Structure formats: structure tokens, C-alpha cells
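Colleague: Here it is, the structure in full.
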Amino acid sequence: MAKFKRILLKLSGESLMGKQSFGIDPERLSDYAKQIKEVHEMGVQIGIVIGGGNIFRGLSGSQKGFDRVKGDQMGMCATVINSLALSSALGALGVKNKVLTAIRMEPIGEFYTKWKAIEAMEAGYICIFSAGTGSPYFTTDTGSSLRGIEIEADVMLKGTRVDGIYTADPEKDPTATKFKDITYDDIYTKGLKVMDLTATTMCKENNLPIYVFNMDVVGNLKKVMDGEEIGTLVHN
């Protein structure tokens with residue numbers, strides 16, 4: 001019996017690079033698809049948001065001379081590319097899925113609405129939400145928070161390269177210690193960079209818990225759904 005009935009899975013675009021310095025690593029993409037299929041077969045309803053940092057990041061682009069709005073729109077397109085790649089990988093495994101876009105771009109994907117997404121998930125489809133919120137100045141973290149709240153997910157699972165939230169960046173500070181669970185207020189007061197503040201505040205105000213774990217270790221997604229405590233829970 002899965003711990004959660006409906007989840008919003010947030011995946012990092014950078015993680016899709018795998019061992020590459022840019023783009024999509026087919027091996028990493030395949031690992032993600034297999035993990036998602038495994039959980040889907042447990043009867044879990046799944047919505048997914050993928051970042052686009054492996055292709056283009058709007059904010060960093062604006063710092064290099066791009067217009068911020070155009071840069072963010074380029075970032076939205078990057079998330080669509082990643083979403084199509086994951087859709088293809090899931091389809092190759094025989095998993096029914098839909099790509100829903102925040103901006104109209106049929107026939108690449110269907111235009112997103114809450115009710116269309118919920119109906120599809122209840123019919124056994126995995127829904128991949130792309131193009132962020134459809135508006136500039138919002139990150140894919142905020143897009144994940146928004147979609148998670150809209151589809152009435154039980155939890156947002158934030159798959160990262162680390163196995164939870166630490167007192168400092170564990171990749172830079174070997175003395176950093178891991179939190180088993182932490183409140184949203186603690187994230188604010190300690191200045192921890194789990195997600196951007198807009199996304200964190202949305203989750204806090206709408207009581208959507210976040211579970212941060214290492215998605216790059218094959219089998220971890222199922223462990224989370226089995227109730228194993230391998231990451232960090234963020235809650236009110």
C-alpha cells in the first residue's frame with residue numbers, strides 16, 4: 001500500500017544531464033522513467049514537473065544580457081523539451097501519459113487545466129506539466145507548488161541530487177547535518193535554500209507538505225512511497 005495516493009513529483013533539469021555537461025543523458029532519463037513506472041504500478045496518481053536548467057535557465061540568461069521575460073520564456077520551452085523526453089521514455093515502457101502545457105502549443109501538448117489533469121490521472125495517465133506557470137518571473141519550483149496545490153496532491157516529492165535538507169550544502173560543507181523533518185518557518189528563519197520563497201510560501205499557506213530526497217539513486221522513489229524515511233519532510 002503506497003503511503004500517498006496522489007503526488008506531485010518535481011524533477012531537476014540539471015539531474016537529467018547525468019554524467020554529461022549539457023542536455024539529456026538517456027541513461028538517467030531511463031532510470032527516472034523506470035522508477036516512475038514502478039510507483040505508478042502501485043496505483044499512485046502522478047503529476048510531474050521538470051526543470052529546464054540542463055538546457056536553459058531564464059534567470060542566468062538575463063544576467064548575461066537576455067531580456068528577462070524572453071529568457072524565462074526560453075526556460076519554459078526548455079521544460080517542454082524535457083517533458084517530451086520523459087513522455088517518450090515512459091511511453092517506451094508502456095506507461096500511459098500526457099504532456100500538459102501552461103501555454104497553448106498543440107499538438108505538442110494539451111493546454112493545462114486542473115480538471116483535465118485530475119480526470120487524466122484518475123483514468124490512469126501520468127500527467128507531465130510543462131512550461132512552468134506560463135508566466136515569467138516564476139521558477140519551476142513555483143510551478144510545482146502551484147500544480148501540486150491545484151491537483152490536490154497529498155505531497156510534493158522534490159527529487160534532487162542530495163538525500164534531504166541539511167544545515168548547509170553537504171556538497172560544500174562536510175560538517176553539515178541532515179534534518180529528518182523541518183517546518184516551513186524553520187526554513188525561513190534558518191535561511192535554507194530548499195525552494196525559492198514564493199514556492200515555499202505557497203506550500204505553507206496551502207498546507208502542502210514537501211518531501212526532499214535523492215531521486216538519482218535508483219529505487220528511492222519507491223522507498224519513499226513505501227514509507228521509508230530516506231529524506232526530509234517539510235511541514236507546517
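Naming works like this for the C-alpha cells: A, B, ... for the chains as they're shown, residue 1 at the start of each chain, ligands 1 onward in shown order.
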Just asking: which residues within stretch 4-236 of chain A are helix (DSSP H, G or I) according to DSSP, as JSON, numbers by chain?

Modeller: {"A": [14, 15, 16, 17, 26, 27, 28, 29, 30, 31, 32, 33, 34, 35, 36, 37, 38, 39, 40, 58, 59, 60, 61, 62, 68, 69, 70, 71, 72, 73, 74, 75, 76, 77, 78, 79, 80, 81, 82, 83, 84, 85, 86, 87, 88, 89, 90, 91, 92, 114, 115, 116, 117, 118, 119, 120, 121, 122, 140, 141, 142, 143, 144, 145, 146, 147, 148, 149, 150, 184, 185, 186, 187, 188, 189, 190, 197, 198, 199, 200, 201, 202, 203, 204, 205, 220, 221, 222, 223, 224, 225]}

Colleague: I'd like the contact shell of A:Tyr211 - 12 Å cut-off, only C-alpha atoms, skipping same-chain residues fewer than 6 positions apart - returned as a count of residues only.

Modeller: 36

Colleague: Please return, as a ChimeraX atom specification, all residues of stretch 6-171 of chain A that DSSP assigns to strand (DSSP E or B) on the basis of the backbone.

Modeller: /A:6-11,45-50,97-101,110-111,126-130,155-160,166

Colleague: Do you have the atom CA of A:Asp185-atom CA of A:Glu14 distance handy?

Modeller: 27.6 Å

Colleague: With the cut-off set at 9 Å and counting only C-alpha atoms, tabulate each residue of stretch 181-222 of chain A with an atom at most that distance from an atom of stretch 135-145 of chain A, showing the nearest atom pair and its distance in Å to one decimal, ordered by chain and increasing number, as JSON lines.

Modeller:
{"residue": "A:Met195", "atom": "CA", "partner": "A:Asp141", "partner_atom": "CA", "distance": 6.2}
{"residue": "A:Asp196", "atom": "CA", "partner": "A:Asp141", "partner_atom": "CA", "distance": 6.8}
{"residue": "A:Leu197", "atom": "CA", "partner": "A:Thr142", "partner_atom": "CA", "distance": 8.7}
{"residue": "A:Thr198", "atom": "CA", "partner": "A:Thr142", "partner_atom": "CA", "distance": 6.3}
{"residue": "A:Ala199", "atom": "CA", "partner": "A:Thr142", "partner_atom": "CA", "distance": 4.2}
{"residue": "A:Thr200", "atom": "CA", "partner": "A:Ser145", "partner_atom": "CA", "distance": 7.8}
{"residue": "A:Met202", "atom": "CA", "partner": "A:Ser145", "partner_atom": "CA", "distance": 6.4}
{"residue": "A:Cys203", "atom": "CA", "partner": "A:Ser145", "partner_atom": "CA", "distance": 6.1}
{"residue": "A:Leu208", "atom": "CA", "partner": "A:Ser145", "partner_atom": "CA", "distance": 8.1}

Colleague: Restrict the selected residues to all heavy atoms and save them as an mmCIF file, in the first residue's frame.

Modeller:
data_model
loop_
_atom_site.group_PDB
_atom_site.id
_atom_site.type_symbol
_atom_site.label_atom_id
_atom_site.label_comp_id
_atom_site.auth_asym_id
_atom_site.auth_seq_id
_atom_site.Cartn_x
_atom_site.Cartn_y
_atom_site.Cartn_z
ATOM 1 N N MET A 195 13.622 25.649 -1.727
ATOM 2 C CA MET A 195 12.996 26.133 -2.957
ATOM 3 C C MET A 195 13.005 27.652 -2.856
ATOM 4 O O MET A 195 13.374 28.203 -1.825
ATOM 5 C CB MET A 195 11.556 25.630 -3.087
ATOM 6 C CG MET A 195 11.405 24.131 -3.130
ATOM 7 S SD MET A 195 9.749 23.615 -3.640
ATOM 8 C CE MET A 195 8.710 24.374 -2.402
ATOM 9 N N ASP A 196 12.587 28.334 -3.916
ATOM 10 C CA ASP A 196 12.508 29.783 -3.787
ATOM 11 C C ASP A 196 11.370 30.148 -2.825
ATOM 12 O O ASP A 196 10.471 29.331 -2.564
ATOM 13 C CB ASP A 196 12.333 30.443 -5.155
ATOM 14 C CG ASP A 196 10.984 30.143 -5.782
ATOM 15 O OD1 ASP A 196 9.991 30.782 -5.400
ATOM 16 O OD2 ASP A 196 10.932 29.262 -6.648
ATOM 17 N N LEU A 197 11.417 31.351 -2.289
ATOM 18 C CA LEU A 197 10.489 31.742 -1.231
ATOM 19 C C LEU A 197 9.034 31.746 -1.692
ATOM 20 O O LEU A 197 8.133 31.433 -0.918
ATOM 21 C CB LEU A 197 10.869 33.125 -0.680
ATOM 22 C CG LEU A 197 12.136 33.170 0.171
ATOM 23 C CD1 LEU A 197 12.445 34.601 0.590
ATOM 24 C CD2 LEU A 197 11.991 32.278 1.410
ATOM 25 N N THR A 198 8.793 32.098 -2.960
ATOM 26 C CA THR A 198 7.422 32.095 -3.473
ATOM 27 C C THR A 198 6.833 30.695 -3.407
ATOM 28 O O THR A 198 5.709 30.495 -2.936
ATOM 29 C CB THR A 198 7.393 32.608 -4.930
ATOM 30 O OG1 THR A 198 8.026 33.883 -4.987
ATOM 31 C CG2 THR A 198 5.964 32.736 -5.428
ATOM 32 N N ALA A 199 7.603 29.709 -3.866
ATOM 33 C CA ALA A 199 7.145 28.321 -3.854
ATOM 34 C C ALA A 199 6.935 27.823 -2.429
ATOM 35 O O ALA A 199 5.927 27.175 -2.119
ATOM 36 C CB ALA A 199 8.165 27.437 -4.578
ATOM 37 N N THR A 200 7.883 28.128 -1.545
ATOM 38 C CA THR A 200 7.794 27.686 -0.152
ATOM 39 C C THR A 200 6.568 28.282 0.520
ATOM 40 O O THR A 200 5.831 27.584 1.238
ATOM 41 C CB THR A 200 9.067 28.085 0.616
ATOM 42 O OG1 THR A 200 10.206 27.574 -0.071
ATOM 43 C CG2 THR A 200 9.054 27.523 2.030
ATOM 44 N N MET A 202 3.793 29.334 -0.883
ATOM 45 C CA MET A 202 2.570 28.729 -1.431
ATOM 46 C C MET A 202 2.268 27.396 -0.752
ATOM 47 O O MET A 202 1.122 27.104 -0.404
ATOM 48 C CB MET A 202 2.714 28.522 -2.939
ATOM 49 C CG MET A 202 2.569 29.783 -3.759
ATOM 50 S SD MET A 202 2.584 29.427 -5.534
ATOM 51 C CE MET A 202 1.020 28.561 -5.696
ATOM 52 N N CYS A 203 3.309 26.581 -0.570
ATOM 53 C CA CYS A 203 3.118 25.285 0.082
ATOM 54 C C CYS A 203 2.693 25.468 1.539
ATOM 55 O O CYS A 203 1.807 24.756 2.035
ATOM 56 C CB CYS A 203 4.395 24.453 0.007
ATOM 57 S SG CYS A 203 4.780 23.859 -1.659
ATOM 58 N N LEU A 208 0.627 22.130 1.848
ATOM 59 C CA LEU A 208 1.131 21.042 1.005
ATOM 60 C C LEU A 208 2.511 20.641 1.512
ATOM 61 O O LEU A 208 3.469 21.413 1.384
ATOM 62 C CB LEU A 208 1.224 21.497 -0.455
ATOM 63 C CG LEU A 208 1.825 20.478 -1.439
ATOM 64 C CD1 LEU A 208 0.926 19.246 -1.557
ATOM 65 C CD2 LEU A 208 2.049 21.109 -2.813
#

Colleague: I want to know what sits within 12 Å of A:Gly94, based on only C-alpha atoms, with residues of the same chain fewer than 4 positions away left out; could you give that as a list of chain:residue names?

Modeller: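 Counting only the stated atoms, we get A:Ala33, A:Lys34, A:Ile36, A:Lys37, A:Glu38, A:His40, A:Glu41, A:Ser87, A:Ser88, A:Ala89, A:Leu90, A:Tyr125, A:Ile126.
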
Colleague: For A:Ala123, find every residue with an atom within 12 Å (counting only C-alpha atoms), except residues of its own chain fewer than 3 positions away, and show them as a list in words.

Modeller: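 Answer for this query is Gly43, Val44, Gln45, Ile46, Lys96, Asn97, Lys98, Lys116, Ala117, Ile118, Glu119, Ala120, Ile126 and Cys127 of chain A.
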
Colleague: Please write the residues from the selection above to a file, keeping all heavy atoms, as a short mmCIF file (atom, residue, chain, number, x, y, z; two decimals), in the first residue's frame.

Modeller:
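Contents of part24.cif, freshly written:
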data_model
loop_
_atom_site.label_atom_id
_atom_site.label_comp_id
_atom_site.auth_asym_id
_atom_site.auth_seq_id
_atom_site.Cartn_x
_atom_site.Cartn_y
_atom_site.Cartn_z
N GLY A 43 -0.49 1.98 -8.10
CA GLY A 43 -1.79 2.62 -8.07
C GLY A 43 -1.74 4.10 -7.70
O GLY A 43 -2.78 4.72 -7.48
N VAL A 44 -0.52 4.66 -7.66
CA VAL A 44 -0.36 6.07 -7.29
C VAL A 44 -0.68 6.96 -8.49
O VAL A 44 -0.26 6.68 -9.61
CB VAL A 44 1.09 6.34 -6.81
CG1 VAL A 44 1.25 7.81 -6.42
CG2 VAL A 44 1.45 5.43 -5.65
N GLN A 45 -1.44 8.03 -8.25
CA GLN A 45 -1.71 9.03 -9.28
C GLN A 45 -0.55 10.03 -9.28
O GLN A 45 -0.19 10.56 -8.23
CB GLN A 45 -3.04 9.72 -9.02
CG GLN A 45 -4.23 8.78 -9.11
CD GLN A 45 -5.55 9.47 -8.81
OE1 GLN A 45 -5.65 10.68 -8.77
NE2 GLN A 45 -6.58 8.66 -8.58
N ILE A 46 0.03 10.28 -10.45
CA ILE A 46 1.29 11.02 -10.52
C ILE A 46 1.18 12.22 -11.46
O ILE A 46 0.80 12.10 -12.62
CB ILE A 46 2.43 10.11 -11.01
CG1 ILE A 46 2.55 8.86 -10.12
CG2 ILE A 46 3.76 10.87 -11.03
CD1 ILE A 46 3.54 7.83 -10.65
N LYS A 96 0.98 4.95 -19.93
CA LYS A 96 0.14 6.00 -20.50
C LYS A 96 0.47 7.33 -19.84
O LYS A 96 0.57 7.41 -18.62
CB LYS A 96 -1.35 5.69 -20.29
CG LYS A 96 -1.85 4.45 -20.98
CD LYS A 96 -3.37 4.34 -20.92
CE LYS A 96 -3.89 4.28 -19.50
NZ LYS A 96 -5.37 4.15 -19.46
N ASN A 97 0.65 8.36 -20.64
CA ASN A 97 0.98 9.66 -20.07
C ASN A 97 0.53 10.78 -21.00
O ASN A 97 0.29 10.56 -22.19
CB ASN A 97 2.47 9.77 -19.78
CG ASN A 97 3.31 9.82 -21.03
OD1 ASN A 97 3.55 10.88 -21.61
ND2 ASN A 97 3.77 8.64 -21.50
N LYS A 98 0.40 11.96 -20.43
CA LYS A 98 0.04 13.15 -21.20
C LYS A 98 0.99 14.28 -20.83
O LYS A 98 1.34 14.45 -19.66
CB LYS A 98 -1.39 13.61 -20.87
CG LYS A 98 -2.50 12.71 -21.39
CD LYS A 98 -3.85 13.26 -20.95
CE LYS A 98 -5.01 12.38 -21.41
NZ LYS A 98 -5.30 12.55 -22.85
N LYS A 116 -8.84 18.79 -16.31
CA LYS A 116 -8.32 17.88 -17.33
C LYS A 116 -7.23 16.98 -16.72
O LYS A 116 -7.17 15.78 -16.99
CB LYS A 116 -7.75 18.68 -18.51
CG LYS A 116 -7.32 17.83 -19.69
CD LYS A 116 -6.65 18.69 -20.76
CE LYS A 116 -7.61 19.67 -21.37
NZ LYS A 116 -6.96 20.50 -22.43
N ALA A 117 -6.37 17.59 -15.89
CA ALA A 117 -5.28 16.83 -15.27
C ALA A 117 -5.81 15.77 -14.30
O ALA A 117 -5.39 14.61 -14.35
CB ALA A 117 -4.34 17.78 -14.54
N ILE A 118 -6.73 16.15 -13.45
CA ILE A 118 -7.27 15.21 -12.47
C ILE A 118 -8.02 14.08 -13.17
O ILE A 118 -7.88 12.90 -12.82
CB ILE A 118 -8.18 15.94 -11.45
CG1 ILE A 118 -7.31 16.82 -10.54
CG2 ILE A 118 -8.98 14.93 -10.63
CD1 ILE A 118 -8.09 17.65 -9.55
N GLU A 119 -8.80 14.42 -14.18
CA GLU A 119 -9.53 13.39 -14.93
C GLU A 119 -8.57 12.40 -15.57
O GLU A 119 -8.79 11.18 -15.54
CB GLU A 119 -10.40 14.06 -16.00
CG GLU A 119 -11.26 13.08 -16.79
CD GLU A 119 -12.12 13.77 -17.84
OE1 GLU A 119 -12.10 15.02 -17.91
OE2 GLU A 119 -12.80 13.05 -18.60
N ALA A 120 -7.47 12.90 -16.13
CA ALA A 120 -6.49 12.03 -16.77
C ALA A 120 -5.80 11.13 -15.75
O ALA A 120 -5.63 9.93 -15.98
CB ALA A 120 -5.46 12.86 -17.52
N ILE A 126 -0.23 9.25 -16.37
CA ILE A 126 0.71 10.14 -15.68
C ILE A 126 0.64 11.48 -16.42
O ILE A 126 0.68 11.52 -17.65
CB ILE A 126 2.14 9.58 -15.71
CG1 ILE A 126 2.23 8.35 -14.80
CG2 ILE A 126 3.15 10.64 -15.29
CD1 ILE A 126 3.55 7.63 -14.86
N CYS A 127 0.53 12.58 -15.66
CA CYS A 127 0.47 13.91 -16.27
C CYS A 127 1.80 14.63 -16.06
O CYS A 127 2.27 14.73 -14.92
CB CYS A 127 -0.67 14.72 -15.66
SG CYS A 127 -2.30 14.17 -16.22
#

Colleague: For each of A:Gly134, A:Asn82, A:Val217, A:Gly71, take the minimum atom-to-atom distance to A:Met105, counting only C-alpha atoms, then give the residue where this is smallest.

Modeller: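 For A:Met105, the nearest of the candidates is A:Gly134.
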
Colleague: Quick one, how far is atom CA of A:Arg104 from atom CA of A:Gly148?

Modeller: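 These two atoms are separated by 20.3 Å.
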
Colleague: Using only C-alpha atoms, which residues sit within 12 Å of A:Ala85 once same-chain residues fewer than 3 positions away are excluded, as a list in words?

Modeller: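 Listing them by chain and then by number gives Gly13, Leu16, Gly23, Ile24, Asp25, Pro26, Arg28, Leu29, Ser30, Tyr32, Ala33, Ile50, Gly52, Ala78, Thr79, Val80, Ile81, Asn82, Ser88, Ala89, Leu90, Gly91, Ala92, Asn97, Lys98, Val99, Ile108, Ile128 and Ser130 of chain A.
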
Colleague: Just to be explicit: take each residue in the selection above, keep N, CA and C atoms, and write the result as a short mmCIF file (atom, residue, chain, number, x, y, z; two decimals), in the first residue's frame.

Modeller:
data_model
loop_
_atom_site.label_atom_id
_atom_site.label_comp_id
_atom_site.auth_asym_id
_atom_site.auth_seq_id
_atom_site.Cartn_x
_atom_site.Cartn_y
_atom_site.Cartn_z
N GLY A 13 16.01 19.63 -13.75
CA GLY A 13 16.53 19.58 -15.11
C GLY A 13 18.00 19.24 -15.12
N LEU A 16 18.90 15.63 -15.09
CA LEU A 16 18.73 14.91 -16.36
C LEU A 16 20.02 14.87 -17.17
N GLY A 23 22.31 19.03 -21.71
CA GLY A 23 21.32 18.20 -22.39
C GLY A 23 20.78 17.06 -21.54
N ILE A 24 20.38 15.99 -22.21
CA ILE A 24 19.69 14.89 -21.57
C ILE A 24 20.51 13.61 -21.69
N ASP A 25 20.80 12.99 -20.56
CA ASP A 25 21.51 11.71 -20.53
C ASP A 25 20.47 10.59 -20.67
N PRO A 26 20.50 9.81 -21.76
CA PRO A 26 19.49 8.77 -21.97
C PRO A 26 19.42 7.76 -20.81
N ARG A 28 20.10 8.32 -17.54
CA ARG A 28 19.41 8.94 -16.41
C ARG A 28 17.91 9.05 -16.69
N LEU A 29 17.56 9.42 -17.91
CA LEU A 29 16.16 9.53 -18.31
C LEU A 29 15.45 8.18 -18.16
N SER A 30 16.13 7.12 -18.60
CA SER A 30 15.56 5.78 -18.50
C SER A 30 15.38 5.36 -17.03
N TYR A 32 14.87 7.32 -14.46
CA TYR A 32 13.72 8.06 -13.94
C TYR A 32 12.41 7.41 -14.38
N ALA A 33 12.32 7.10 -15.67
CA ALA A 33 11.09 6.53 -16.21
C ALA A 33 10.76 5.19 -15.54
N ILE A 50 9.18 19.11 -14.45
CA ILE A 50 10.63 19.01 -14.65
C ILE A 50 11.19 20.41 -14.91
N GLY A 52 14.24 23.06 -16.32
CA GLY A 52 14.86 23.15 -17.64
C GLY A 52 16.32 23.56 -17.61
N ALA A 78 12.41 25.07 -22.58
CA ALA A 78 13.33 24.01 -22.15
C ALA A 78 12.60 22.95 -21.34
N THR A 79 11.67 23.38 -20.48
CA THR A 79 10.93 22.39 -19.69
C THR A 79 10.03 21.53 -20.58
N VAL A 80 9.55 22.12 -21.67
CA VAL A 80 8.72 21.34 -22.61
C VAL A 80 9.56 20.26 -23.27
N ILE A 81 10.78 20.60 -23.66
CA ILE A 81 11.68 19.61 -24.27
C ILE A 81 11.92 18.45 -23.31
N ASN A 82 12.22 18.77 -22.05
CA ASN A 82 12.44 17.71 -21.04
C ASN A 82 11.19 16.89 -20.82
N SER A 88 8.28 10.38 -23.78
CA SER A 88 8.72 9.36 -24.72
C SER A 88 9.29 8.15 -23.99
N ALA A 89 10.09 8.41 -22.94
CA ALA A 89 10.69 7.31 -22.18
C ALA A 89 9.63 6.49 -21.46
N LEU A 90 8.61 7.16 -20.91
CA LEU A 90 7.51 6.44 -20.25
C LEU A 90 6.70 5.65 -21.27
N GLY A 91 6.46 6.27 -22.42
CA GLY A 91 5.71 5.58 -23.48
C GLY A 91 6.41 4.32 -23.95
N ALA A 92 7.75 4.37 -24.01
CA ALA A 92 8.53 3.21 -24.43
C ALA A 92 8.39 2.05 -23.43
N ASN A 97 0.65 8.36 -20.64
CA ASN A 97 0.98 9.66 -20.07
C ASN A 97 0.53 10.78 -21.00
N LYS A 98 0.40 11.96 -20.43
CA LYS A 98 0.04 13.15 -21.20
C LYS A 98 0.99 14.28 -20.83
N VAL A 99 1.39 15.07 -21.82
CA VAL A 99 2.12 16.31 -21.58
C VAL A 99 1.10 17.45 -21.64
N ILE A 108 1.89 19.77 -29.61
CA ILE A 108 3.00 19.30 -28.77
C ILE A 108 2.47 18.79 -27.44
N ILE A 128 2.37 15.12 -17.14
CA ILE A 128 3.62 15.87 -17.08
C ILE A 128 3.30 17.33 -17.38
N SER A 130 4.24 21.04 -18.11
CA SER A 130 5.40 21.76 -18.67
C SER A 130 5.10 23.24 -18.87
#

Colleague: Can you work out which one of A:Ile103, A:Ala131, A:Val218, A:Met42 has the shortest atom-to-atom distance to A:Leu84, counting only C-alpha atoms?

Modeller: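 The shortest atom-to-atom distance to A:Leu84 comes from A:Ala131.
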